[in-house]
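As provided, run-v2.cif (mmCIF, C-alpha atoms) reads as follows.
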```
data_protein
#
loop_
_atom_site.label_atom_id
_atom_site.label_comp_id
_atom_site.auth_asym_id
_atom_site.auth_seq_id
_atom_site.Cartn_x
_atom_site.Cartn_y
_atom_site.Cartn_z
CA MET A 1 -3.74 -10.82 -23.96
CA ALA A 2 -4.29 -14.28 -25.39
CA ASP A 3 -2.62 -17.12 -23.52
CA THR A 4 -2.06 -19.37 -26.51
CA VAL A 5 0.26 -17.17 -28.54
CA GLN A 6 3.34 -19.00 -29.74
CA SER A 7 6.74 -17.77 -28.58
CA PRO A 8 8.71 -15.89 -31.26
CA PHE A 9 11.83 -17.76 -30.14
CA LEU A 10 12.91 -21.22 -31.18
CA PRO A 11 12.18 -23.62 -28.30
CA GLY A 12 14.93 -23.72 -25.71
CA THR A 13 16.90 -20.91 -27.36
CA LYS A 14 17.06 -17.14 -27.50
CA ILE A 15 16.97 -17.21 -31.29
CA GLN A 16 14.02 -15.20 -32.50
CA PHE A 17 12.51 -16.62 -35.69
CA ALA A 18 9.38 -14.40 -35.85
CA ILE A 19 10.56 -10.91 -36.61
CA ASP A 20 8.69 -7.62 -36.83
CA SER A 21 9.88 -4.09 -37.45
CA THR A 22 9.84 -3.24 -33.75
CA SER A 23 12.10 -6.07 -32.59
CA LEU A 24 14.33 -5.77 -35.64
CA GLY A 25 14.56 -2.05 -35.00
CA TYR A 26 15.76 -2.68 -31.44
CA LEU A 27 18.41 -5.05 -32.75
CA LYS A 28 19.63 -2.62 -35.38
CA THR A 29 19.64 0.29 -32.95
CA CYS A 30 21.50 -1.50 -30.17
CA PRO A 31 21.80 -5.20 -29.34
CA ARG A 32 21.70 -4.35 -25.62
CA LEU A 33 18.40 -2.52 -26.13
CA TYR A 34 17.13 -5.65 -27.88
CA GLU A 35 18.29 -7.79 -24.96
CA TYR A 36 16.60 -5.62 -22.33
CA ILE A 37 13.25 -5.57 -24.13
CA MET A 38 12.99 -8.75 -26.18
CA ILE A 39 15.07 -11.20 -24.16
CA GLU A 40 14.58 -9.96 -20.61
CA GLY A 41 11.19 -8.26 -20.96
CA TRP A 42 11.94 -4.90 -19.32
CA SER A 43 9.38 -2.22 -19.99
CA PRO A 44 9.39 1.44 -18.85
CA LYS A 45 6.73 2.11 -16.23
CA ASP A 46 5.05 4.81 -18.32
CA ASP A 47 5.16 2.87 -21.60
CA SER A 48 1.61 1.64 -21.19
CA VAL A 49 0.20 5.16 -21.67
CA HIS A 50 1.76 5.52 -25.13
CA LEU A 51 0.86 1.98 -26.12
CA ARG A 52 -2.76 2.30 -24.98
CA PHE A 53 -3.15 5.68 -26.67
CA GLY A 54 -1.83 4.28 -29.95
CA ILE A 55 -4.05 1.21 -29.77
CA GLU A 56 -7.19 3.26 -29.11
CA TYR A 57 -6.36 5.70 -31.90
CA HIS A 58 -5.84 2.92 -34.44
CA LYS A 59 -8.94 1.06 -33.29
CA ALA A 60 -11.16 4.14 -33.54
CA LEU A 61 -10.00 4.97 -37.07
CA GLU A 62 -10.48 1.36 -38.12
CA GLU A 63 -14.05 1.36 -36.76
CA TYR A 64 -14.85 4.63 -38.49
CA ASP A 65 -13.68 3.11 -41.78
CA ALA A 66 -15.84 0.05 -41.21
CA TYR A 67 -18.97 2.18 -40.60
CA LYS A 68 -18.25 4.24 -43.71
CA LEU A 69 -17.90 1.06 -45.74
CA LYS A 70 -21.31 -0.08 -44.49
CA GLY A 71 -22.79 3.12 -45.94
CA SER A 72 -22.86 5.45 -42.91
CA ASN A 73 -22.29 9.13 -43.53
CA HIS A 74 -19.47 11.00 -41.76
CA ASP A 75 -21.49 12.15 -38.74
CA ASP A 76 -23.10 8.78 -38.10
CA ALA A 77 -19.82 6.87 -38.51
CA LEU A 78 -18.06 9.38 -36.23
CA ALA A 79 -20.79 9.11 -33.59
CA GLU A 80 -20.61 5.33 -33.51
CA CYS A 81 -16.83 5.17 -33.40
CA ILE A 82 -16.78 7.76 -30.58
CA ARG A 83 -19.40 5.79 -28.67
CA LEU A 84 -17.23 2.66 -28.87
CA LEU A 85 -14.10 4.62 -28.02
CA LEU A 86 -15.73 6.14 -24.93
CA HIS A 87 -16.81 2.69 -23.86
CA ARG A 88 -13.27 1.32 -24.17
CA VAL A 89 -11.53 4.20 -22.38
CA ARG A 90 -14.16 4.62 -19.67
CA ASP A 91 -12.09 2.80 -17.07
CA TRP A 92 -8.71 3.92 -18.37
CA ASP A 93 -7.05 5.50 -15.35
CA VAL A 94 -4.21 7.82 -16.33
CA ASP A 95 -1.96 9.88 -14.10
CA THR A 96 -2.30 13.28 -15.78
CA SER A 97 0.16 14.93 -13.40
CA HIS A 98 3.06 13.57 -15.47
CA ARG A 99 3.86 14.55 -19.05
CA PRO A 100 2.85 11.31 -20.80
CA GLY A 101 -0.55 11.21 -19.12
CA ASN A 102 -1.04 14.93 -19.52
CA TYR A 103 -0.84 14.53 -23.30
CA LYS A 104 -2.29 11.06 -23.63
CA ASN A 105 -5.46 10.33 -21.68
CA PRO A 106 -9.15 9.50 -22.33
CA ARG A 107 -10.06 13.14 -23.00
CA SER A 108 -7.23 13.77 -25.42
CA ILE A 109 -7.82 10.57 -27.40
CA VAL A 110 -11.46 11.53 -27.93
CA GLN A 111 -10.43 15.03 -29.00
CA LEU A 112 -7.76 13.66 -31.34
CA VAL A 113 -10.07 11.15 -33.06
CA ILE A 114 -12.80 13.76 -33.61
CA ASP A 115 -10.27 16.29 -34.90
CA TYR A 116 -8.62 13.75 -37.21
CA LEU A 117 -11.83 12.43 -38.71
CA ASP A 118 -13.23 15.94 -39.22
CA HIS A 119 -9.93 17.01 -40.78
CA TYR A 120 -9.98 14.12 -43.27
CA LYS A 121 -13.73 14.03 -43.74
CA ASP A 122 -13.20 14.17 -47.52
CA ASP A 123 -10.05 12.10 -47.55
CA PRO A 124 -8.33 11.99 -50.96
CA ALA A 125 -6.75 8.69 -49.89
CA VAL A 126 -9.33 5.96 -50.39
CA THR A 127 -9.11 2.69 -48.47
CA VAL A 128 -8.42 -0.25 -50.78
CA ILE A 129 -11.11 -2.92 -50.69
CA ARG A 130 -9.72 -6.44 -50.68
CA GLU A 131 -10.94 -9.27 -52.87
CA ASP A 132 -13.14 -10.58 -50.05
CA GLY A 133 -14.92 -7.22 -49.77
CA THR A 134 -13.27 -6.14 -46.49
CA PRO A 135 -11.43 -2.83 -46.14
CA ALA A 136 -7.65 -3.03 -46.10
CA THR A 137 -7.29 -1.66 -42.58
CA GLU A 138 -5.42 -3.11 -39.62
CA LEU A 139 -4.02 -5.96 -41.67
CA SER A 140 -1.89 -8.38 -39.71
CA PHE A 141 0.69 -10.01 -41.92
CA ARG A 142 2.98 -12.98 -41.48
CA PHE A 143 5.05 -14.53 -44.22
CA GLU A 144 8.03 -16.87 -44.42
CA LEU A 145 11.45 -16.13 -45.79
CA ASP A 146 13.06 -18.92 -47.80
CA TRP A 147 15.75 -19.30 -45.15
CA GLY A 148 15.92 -19.67 -41.42
CA PRO A 149 18.29 -19.75 -38.46
CA GLN A 150 21.47 -21.62 -39.31
CA TYR A 151 22.33 -22.68 -35.80
CA ASN A 152 23.50 -26.09 -34.76
CA ASP A 153 24.61 -27.58 -31.45
CA ILE A 154 22.99 -24.90 -29.35
CA PRO A 155 24.12 -24.97 -25.70
CA THR A 156 21.15 -25.97 -23.62
CA GLY A 157 22.35 -24.25 -20.49
CA ASP A 158 22.84 -27.47 -18.55
CA GLY A 159 26.29 -28.22 -19.95
CA SER A 160 25.15 -30.55 -22.68
CA GLU A 161 24.62 -29.68 -26.29
CA GLN A 162 21.57 -30.47 -28.29
CA SER A 163 21.34 -30.61 -32.06
CA MET A 164 18.03 -29.30 -33.29
CA PRO A 165 16.59 -29.59 -36.75
CA VAL A 166 16.77 -26.41 -38.79
CA SER A 167 13.30 -26.55 -40.18
CA GLN A 168 11.86 -23.25 -39.03
CA PRO A 169 12.20 -20.46 -41.57
CA TYR A 170 12.23 -16.85 -40.43
CA LEU A 171 8.81 -15.23 -40.34
CA LEU A 172 8.29 -11.56 -41.05
CA CYS A 173 5.30 -10.22 -39.12
CA GLY A 174 3.52 -6.96 -38.46
CA HIS A 175 0.44 -4.85 -38.91
CA LEU A 176 -0.47 -2.44 -41.69
CA ASP A 177 -2.73 0.36 -40.50
CA ARG A 178 -4.36 0.98 -43.85
CA VAL A 179 -3.71 0.46 -47.55
CA VAL A 180 -4.99 3.29 -49.74
CA ASP A 181 -5.39 4.33 -53.32
CA PHE A 182 -3.99 7.82 -53.64
CA ASN A 183 -4.18 9.44 -57.06
CA GLY A 184 -4.18 6.04 -58.75
CA SER A 185 -1.21 4.61 -56.84
CA ILE A 186 -1.30 2.14 -53.98
CA PHE A 187 0.33 3.16 -50.71
CA VAL A 188 0.51 1.77 -47.21
CA MET A 189 -0.71 4.41 -44.75
CA ASP A 190 0.82 4.40 -41.31
CA HIS A 191 -0.72 6.43 -38.49
CA LYS A 192 1.79 8.15 -36.23
CA THR A 193 0.91 10.13 -33.12
CA THR A 194 3.52 12.41 -31.65
CA THR A 195 3.88 15.42 -29.42
CA SER A 196 6.64 16.73 -31.72
CA ALA A 197 6.09 19.11 -34.63
CA LEU A 198 5.16 17.47 -37.95
CA SER A 199 8.08 19.16 -39.66
CA SER A 200 10.30 17.96 -42.49
CA TYR A 201 12.59 16.64 -39.75
CA PHE A 202 9.75 14.40 -38.57
CA MET A 203 8.97 13.19 -42.07
CA ASP A 204 12.60 12.65 -43.10
CA GLN A 205 13.08 9.98 -40.43
CA TRP A 206 11.08 7.49 -42.51
CA SER A 207 13.57 7.22 -45.35
CA PRO A 208 15.49 4.99 -45.03
CA SER A 209 13.35 3.27 -42.46
CA ASN A 210 13.37 -0.32 -41.33
CA GLN A 211 9.62 -0.20 -40.56
CA MET A 212 8.46 1.47 -43.75
CA THR A 213 10.55 -0.74 -46.02
CA LEU A 214 9.21 -3.86 -44.34
CA TYR A 215 5.66 -2.52 -44.72
CA SER A 216 6.22 -1.88 -48.41
CA ILE A 217 7.39 -5.47 -48.87
CA ALA A 218 4.53 -6.86 -46.76
CA ALA A 219 1.85 -4.95 -48.67
CA GLN A 220 3.17 -6.32 -51.96
CA VAL A 221 3.03 -9.85 -50.56
CA ILE A 222 -0.47 -9.49 -49.10
CA LEU A 223 -2.15 -7.58 -51.89
CA LYS A 224 -0.10 -8.94 -54.78
CA ALA A 225 0.09 -5.41 -56.12
CA THR A 226 2.86 -2.92 -56.74
CA ILE A 227 3.18 -0.61 -53.77
CA LYS A 228 4.64 2.80 -54.33
CA GLY A 229 5.61 3.41 -50.72
CA VAL A 230 4.16 4.57 -47.44
CA ILE A 231 2.15 7.63 -46.50
CA ILE A 232 3.09 8.80 -43.02
CA ASP A 233 -0.16 10.01 -41.52
CA GLY A 234 1.08 12.23 -38.71
CA ALA A 235 -1.03 13.53 -35.84
CA GLN A 236 0.49 15.94 -33.36
CA VAL A 237 -1.16 15.82 -29.95
CA LEU A 238 -1.29 19.27 -28.39
CA ILE A 239 -2.79 20.63 -25.21
CA GLU A 240 -3.22 24.36 -25.61
CA LYS A 241 -3.25 24.53 -29.40
CA PRO A 242 -5.48 22.53 -31.73
CA ASN A 243 -4.18 19.08 -32.70
CA ALA A 244 -2.25 19.22 -35.97
CA PHE A 245 -2.21 16.81 -38.90
CA ALA A 246 0.16 16.34 -41.83
CA ARG A 247 1.03 13.61 -44.28
CA GLY A 248 4.35 12.78 -45.82
CA PHE A 249 5.35 10.30 -48.53
CA THR A 250 8.21 7.86 -48.51
CA PHE A 251 8.84 5.86 -51.66
CA ARG A 252 10.56 2.52 -52.22
CA THR A 253 11.87 1.12 -55.50
CA PRO A 254 12.00 -2.66 -56.12
CA ASP A 255 15.81 -2.54 -55.85
CA GLN A 256 15.58 -0.87 -52.48
CA LEU A 257 13.31 -3.63 -51.25
CA THR A 258 15.75 -6.27 -52.54
CA GLU A 259 18.65 -4.52 -50.84
CA TRP A 260 16.75 -4.41 -47.53
CA LEU A 261 16.07 -8.14 -47.70
CA ALA A 262 19.73 -8.85 -48.47
CA ASP A 263 20.80 -6.76 -45.48
CA LEU A 264 18.25 -8.56 -43.35
CA ARG A 265 20.15 -11.83 -43.83
CA TYR A 266 23.23 -10.26 -42.27
CA TRP A 267 21.28 -8.73 -39.38
CA LEU A 268 19.56 -11.99 -38.54
CA THR A 269 22.83 -13.90 -38.74
CA MET A 270 24.24 -11.44 -36.22
CA ALA A 271 21.16 -11.85 -34.03
CA GLU A 272 21.66 -15.59 -34.09
CA ASN A 273 25.29 -15.17 -33.09
CA TYR A 274 24.35 -12.93 -30.15
CA ALA A 275 21.76 -15.49 -29.04
CA THR A 276 24.21 -18.37 -29.37
CA MET A 277 26.79 -16.52 -27.28
CA SER A 278 24.07 -15.17 -24.98
CA TYR A 279 25.66 -11.73 -25.19
CA TRP A 280 24.22 -8.61 -26.78
CA PRO A 281 26.82 -5.82 -26.94
CA MET A 282 26.02 -2.19 -26.28
CA ASN A 283 26.01 0.18 -29.23
CA ASP A 284 27.04 3.34 -27.46
CA THR A 285 26.59 5.51 -30.54
CA SER A 286 22.80 5.05 -30.39
CA CYS A 287 22.21 6.24 -26.84
CA ASP A 288 21.39 9.83 -27.81
CA LYS A 289 19.13 9.04 -30.77
CA PHE A 290 15.45 9.97 -30.81
CA GLY A 291 15.70 12.14 -27.76
CA GLY A 292 17.73 9.61 -25.83
CA CYS A 293 17.33 5.88 -25.30
CA LYS A 294 14.99 4.94 -22.46
CA PHE A 295 17.71 2.68 -21.04
CA ARG A 296 20.38 5.38 -21.13
CA ASN A 297 20.20 5.93 -17.40
CA VAL A 298 20.80 2.21 -16.89
CA CYS A 299 23.62 1.70 -19.38
CA SER A 300 25.48 4.74 -18.07
CA LYS A 301 25.88 3.03 -14.69
CA ASP A 302 28.51 0.53 -13.59
CA PRO A 303 27.52 -2.98 -14.73
CA ALA A 304 27.39 -4.14 -11.12
CA VAL A 305 24.51 -1.79 -10.24
CA ARG A 306 22.52 -1.77 -13.49
CA GLU A 307 20.02 -4.32 -12.29
CA ARG A 308 19.03 -2.04 -9.44
CA PHE A 309 18.43 0.86 -11.80
CA LEU A 310 16.43 -1.37 -14.10
CA GLU A 311 14.21 -2.43 -11.22
CA ALA A 312 13.69 1.18 -10.16
CA ASP A 313 12.47 2.56 -13.48
CA PHE A 314 11.21 -0.49 -15.33
CA VAL A 315 8.97 -3.46 -14.82
CA LYS A 316 9.92 -6.94 -15.92
CA LEU A 317 6.95 -8.26 -17.81
CA PRO A 318 5.91 -11.91 -17.61
CA GLU A 319 6.65 -13.75 -20.85
CA GLU A 320 3.07 -13.71 -22.05
CA GLU A 321 2.94 -9.90 -21.81
CA ARG A 322 6.20 -9.18 -23.57
CA TRP A 323 6.39 -7.82 -27.07
CA ASN A 324 5.58 -10.70 -29.40
CA PRO A 325 5.50 -10.30 -33.19
CA LEU A 326 3.20 -13.34 -33.39
CA MET A 327 0.49 -11.52 -31.46
CA THR A 328 -2.33 -10.50 -33.78
CA ARG A 329 -4.40 -7.41 -33.04
CA MET B 3 -20.91 26.21 -35.11
CA ALA B 4 -23.58 25.34 -32.57
CA ASP B 5 -23.50 26.60 -29.01
CA GLU B 6 -21.53 24.60 -26.52
CA PRO B 7 -23.66 21.86 -24.99
CA GLN B 8 -25.42 22.80 -21.79
CA ASN B 9 -24.96 19.30 -20.40
CA ASP B 10 -22.11 18.73 -18.05
CA ILE B 11 -19.51 17.10 -20.29
CA ASP B 12 -17.88 15.36 -17.35
CA PHE B 13 -21.22 13.87 -16.41
CA LEU B 14 -21.87 12.67 -19.94
CA MET B 15 -18.41 11.19 -20.26
CA SER B 16 -18.82 9.34 -16.99
CA ILE B 17 -21.91 7.45 -18.15
CA ASP B 18 -21.55 4.11 -19.88
CA PRO B 19 -21.48 5.25 -23.53
CA LEU B 20 -23.59 2.29 -24.55
CA GLU B 21 -26.41 3.88 -22.53
CA LEU B 22 -26.02 7.33 -24.05
CA SER B 23 -28.54 8.54 -26.60
CA GLN B 24 -27.54 9.67 -30.08
CA GLN B 25 -28.17 13.21 -28.86
CA ASP B 26 -25.79 12.74 -25.92
CA ILE B 27 -23.04 11.48 -28.23
CA GLY B 28 -23.77 14.44 -30.48
CA PHE B 29 -23.29 16.79 -27.52
CA ILE B 30 -19.96 15.19 -26.66
CA ILE B 31 -18.74 15.54 -30.24
CA GLN B 32 -19.97 19.12 -30.42
CA TYR B 33 -18.22 19.92 -27.17
CA HIS B 34 -14.90 18.70 -28.56
CA ARG B 35 -15.46 20.58 -31.83
CA ASN B 36 -16.05 23.73 -29.81
CA GLN B 37 -12.88 23.08 -27.85
CA ARG B 38 -10.99 22.83 -31.14
CA ALA B 39 -12.55 26.06 -32.39
CA LEU B 40 -11.50 27.87 -29.22
CA ARG B 41 -7.94 26.64 -29.58
CA GLU B 42 -7.87 27.69 -33.22
CA LYS B 43 -8.80 31.18 -32.02
CA GLY B 44 -5.90 31.08 -29.58
CA ILE B 45 -8.07 30.67 -26.50
CA LYS B 46 -6.45 28.24 -24.10
CA PRO B 47 -8.72 25.54 -22.69
CA LYS B 48 -9.61 25.79 -19.04
CA LYS B 49 -7.56 23.48 -16.92
CA ASP B 50 -9.40 20.79 -15.05
CA LYS B 51 -8.96 21.84 -11.46
CA GLY B 52 -10.31 18.63 -10.04
CA PRO B 53 -11.45 18.72 -6.42
CA SER B 54 -11.24 22.02 -4.57
CA SER B 55 -7.61 22.81 -3.96
CA THR B 56 -8.13 25.41 -1.24
CA LEU B 57 -7.51 24.33 2.31
CA ASP B 58 -9.33 25.82 5.26
CA LEU B 59 -6.50 25.71 7.80
CA VAL B 60 -8.62 27.11 10.61
CA ALA B 61 -11.23 24.39 10.09
CA LEU B 62 -8.46 21.83 10.30
CA GLY B 63 -7.28 23.29 13.59
CA LEU B 64 -4.08 24.56 12.05
CA LYS B 65 -2.74 28.06 11.98
CA PRO B 66 -0.87 29.63 9.11
CA ALA B 67 2.90 29.62 9.29
CA ALA B 68 4.49 32.73 10.73
CA PRO B 69 5.36 35.35 8.15
CA LYS B 70 8.83 35.07 6.68
CA ILE B 71 11.41 37.18 8.44
CA ASN B 72 13.64 39.21 6.17
CA ARG B 73 16.98 39.71 7.82
CA ARG B 74 19.20 42.53 6.89
CA VAL B 75 22.77 41.52 6.36
#
```

For this file, produce the structure as structure tokens.
Amino acid sequence: MADTVQSPFLPGTKIQFAIDSTSLGYLKTCPRLYEYIMIEGWSPKDDSVHLRFGIEYHKALEEYDAYKLKGSNHDDALAECIRLLLHRVRDWDVDTSHRPGNYKNPRSIVQLVIDYLDHYKDDPAVTVIREDGTPATELSFRFELDWGPQYNDIPTGDGSEQSMPVSQPYLLCGHLDRVVDFNGSIFVMDHKTTTSALSSYFMDQWSPSNQMTLYSIAAQVILKATIKGVIIDGAQVLIEKPNAFARGFTFRTPDQLTEWLADLRYWLTMAENYATMSYWPMNDTSCDKFGGCKFRNVCSKDPAVRERFLEADFVKLPEEERWNPLMTR
Amino acid sequence: MADEPQNDIDFLMSIDPLELSQQDIGFIIQYHRNQRALREKGIKPKKDKGPSSTLDLVALGLKPAAPKINRRV
């Protein structure tokens, strides 16, 4: 991880000015969840398996695309991207005796990438080529809103108060996996790996969706083109059955994008208020969502003993390793 | 589909991939394609047993536990 990445928080405050869909999603789901992850830096001990698996999957597909763009055929591009993948995961030590590692490990990532690329060998979705000739894959974006935190007289923590200039606008940040031309329309494509079935239930979760609406806005800003929506490129990781693949579409109208941005102003105002008061309330109607919040076992305990439960099941990451929307891939 | 590679896949995957030949990479890919084909036919993959899991208690100077006694109530 680079050591020069700027903090997403305004100096001396807990006001986050660089926002991505992940951190905004935590805030919308539950302010306490946001506090545990973004403010305090708690991370589940097995989170690294999922994160690493996702990173390697995205990287391999990006490299395959790059080889294809250079003129390689399917087999040659696949061979080279697998060679690089094997090199990266060679020293990846995973505990396969637990469920996350049993599904997500060096063997299964190689199997998944080969299966995916064979499955979409003749992909009807064609990667958009940008004006500079590079493929529109793994695009990091960062753009300013025309407004920023409205705070004033922020407590400094030492009893005094310090007025700070309000010159920093909010930044919206993130990464687009791939932008494609599908049947003459431009879509963002987002790769999702899951161990769940790629059913309509899985696909329905992306509309409305904080992440997919932000990506639709970001793609329009980056490519200066009308984006129809997002293609959810689902990959189900299986052990005894062959890996499964399915795509779903989620569309966004211009009015929906405008509405999302208007709502964002309210959400970020609330975030600023939480930061100013240094208190992020628990939203106890979110605890059972998505199979159960990872902090459920902590929040269900008496406040006096929560710290002990956090320390048992989570690690507190140093600041430079915490989730940071300003980190480019 | 070609026959499953004769090379030991674990051996191949343990070598630095940058030192593998094109043919070796081809074997690895073919191995995984064969695994997929087996699963599509409903044949479960063999589980990686890892190191031998059988213990020779006698060699370790231990004796097996006494057989369980079934009491009649």

### Residues returned when the PyMOL selection byres ((chain A) within 7 of (chain B)) runs on this file, as a ChimeraX atom specification
/A:79,83,86-87,111,240-242

Given the selection you just returned, output its residues as a file containing C-alpha atoms, formatted as a tab-separated table (two decimals), keeping the file's coordinate frame.
```tsv
chain	number	residue	atom	x	y	z
A	79	ALA	CA	-20.79	9.11	-33.59
A	83	ARG	CA	-19.40	5.79	-28.67
A	86	LEU	CA	-15.73	6.14	-24.93
A	87	HIS	CA	-16.81	2.69	-23.86
A	111	GLN	CA	-10.43	15.03	-29.00
A	240	GLU	CA	-3.22	24.36	-25.61
A	241	LYS	CA	-3.25	24.53	-29.40
A	242	PRO	CA	-5.48	22.53	-31.73
```

### Message
I'd like the interatomic distance between CA of Ile129 in chain A and CA of Ile82 in chain A, to a tenth of an Å.
### Response
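If I compute the distance from CA of Ile129 in chain A to CA of Ile82 in chain A, I get 23.5 Å.
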
### Query
When the PyMOL selection byres ((chain A and resi 115) around 10) is applied to the file above, which residues end up in the set, as an MDAnalysis selection string?
(chainID A and resid 109:114 116:121 235 242:245) or (chainID B and resid 31 34:35 38)

Just to be explicit: take each residue in the selection above, keep C-alpha atoms, and write the result as a PDB file, keeping the file's coordinate frame.
```pdb
ATOM      1  CA  ILE A 109      -7.820  10.570 -27.400  1.00  0.00           C
ATOM      2  CA  VAL A 110     -11.460  11.530 -27.930  1.00  0.00           C
ATOM      3  CA  GLN A 111     -10.430  15.030 -29.000  1.00  0.00           C
ATOM      4  CA  LEU A 112      -7.760  13.660 -31.340  1.00  0.00           C
ATOM      5  CA  VAL A 113     -10.070  11.150 -33.060  1.00  0.00           C
ATOM      6  CA  ILE A 114     -12.800  13.760 -33.610  1.00  0.00           C
ATOM      7  CA  TYR A 116      -8.620  13.750 -37.210  1.00  0.00           C
ATOM      8  CA  LEU A 117     -11.830  12.430 -38.710  1.00  0.00           C
ATOM      9  CA  ASP A 118     -13.230  15.940 -39.220  1.00  0.00           C
ATOM     10  CA  HIS A 119      -9.930  17.010 -40.780  1.00  0.00           C
ATOM     11  CA  TYR A 120      -9.980  14.120 -43.270  1.00  0.00           C
ATOM     12  CA  LYS A 121     -13.730  14.030 -43.740  1.00  0.00           C
ATOM     13  CA  ALA A 235      -1.030  13.530 -35.840  1.00  0.00           C
ATOM     14  CA  PRO A 242      -5.480  22.530 -31.730  1.00  0.00           C
ATOM     15  CA  ASN A 243      -4.180  19.080 -32.700  1.00  0.00           C
ATOM     16  CA  ALA A 244      -2.250  19.220 -35.970  1.00  0.00           C
ATOM     17  CA  PHE A 245      -2.210  16.810 -38.900  1.00  0.00           C
TER      18      PHE A 245
ATOM     19  CA  ILE B  31     -18.740  15.540 -30.240  1.00  0.00           C
ATOM     20  CA  HIS B  34     -14.900  18.700 -28.560  1.00  0.00           C
ATOM     21  CA  ARG B  35     -15.460  20.580 -31.830  1.00  0.00           C
ATOM     22  CA  ARG B  38     -10.990  22.830 -31.140  1.00  0.00           C
TER      23      ARG B  38
END
```

Would you place a box with edges along x, y and z of the file around all atoms of range 275-278 of chain A listed there, add 8 Å to each of its six sides, and report the centre and edge lengths in Å to one decimal, as JSON?
```
{"center_x": 24.3, "center_y": -16.8, "center_z": -27.2, "size_x": 21.0, "size_y": 19.2, "size_z": 20.4}
```

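Taking CA of Gly148 in chain A as the reference point, CA of Thr4 in chain A is found at 23.4 Å.
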
### Message
Just checking: using all atoms listed in the file, which residue out of A:Arg252, A:Lys28, A:His191, A:His50 ends up closest to Glu62 in chain A?
### Response
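Using all atoms listed in the file, the shortest distance to Glu62 in chain A belongs to A:His191.
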
### Task
Please identify all polymer residues within 6 Å of range 38-41 of chain A, counting all atoms listed in the file, omitting same-chain residues fewer than 2 positions from it, and present them as a PyMOL selection string.
chain A and resi 34-36+316-317+322

### Task
May I have the protein, DNA and RNA residues with an atom at most 7 Å from (2.2, -12.0, -47.0), counting all atoms listed in the file in the file's coordinates, returned as an NGL selection string?
:A and (141-143 or 218 or 221-222)

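From CA of Met203 in chain A back to CA of Phe290 in chain A, the distance works out to 13.4 Å.
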
### Message
Show me, as an MDAnalysis selection string, the residues that have an atom within 8 Å of range 45-47 of chain A when counting all atoms listed in the file, minus same-chain residues fewer than 2 positions from it.
### Response
chainID A and resid 43 49:51 100 313:315

### Query
So which residues touch Leu214 in chain A within 10 Å, counting all atoms listed in the file, skipping near sequence neighbours fewer than 4 positions away, as a count of residues only?
12

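Distance annotation: of A:Cys287, A:Val179, A:Met327, A:Ala77, the residue with the minimal separation from Cys299 in chain A is A:Cys287; atom set is all atoms listed in the file.
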
### Query
If the PyMOL selection byres ((chain A and resi 175) around 7) is run on the structure shown, which residues does it catch, given as a list in words?
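Evaluating the PyMOL selection byres ((chain A and resi 175) around 7) on this file yields Glu138, Leu139, Ser140, Phe141, Gly174, Leu176 and Asp177 of chain A.
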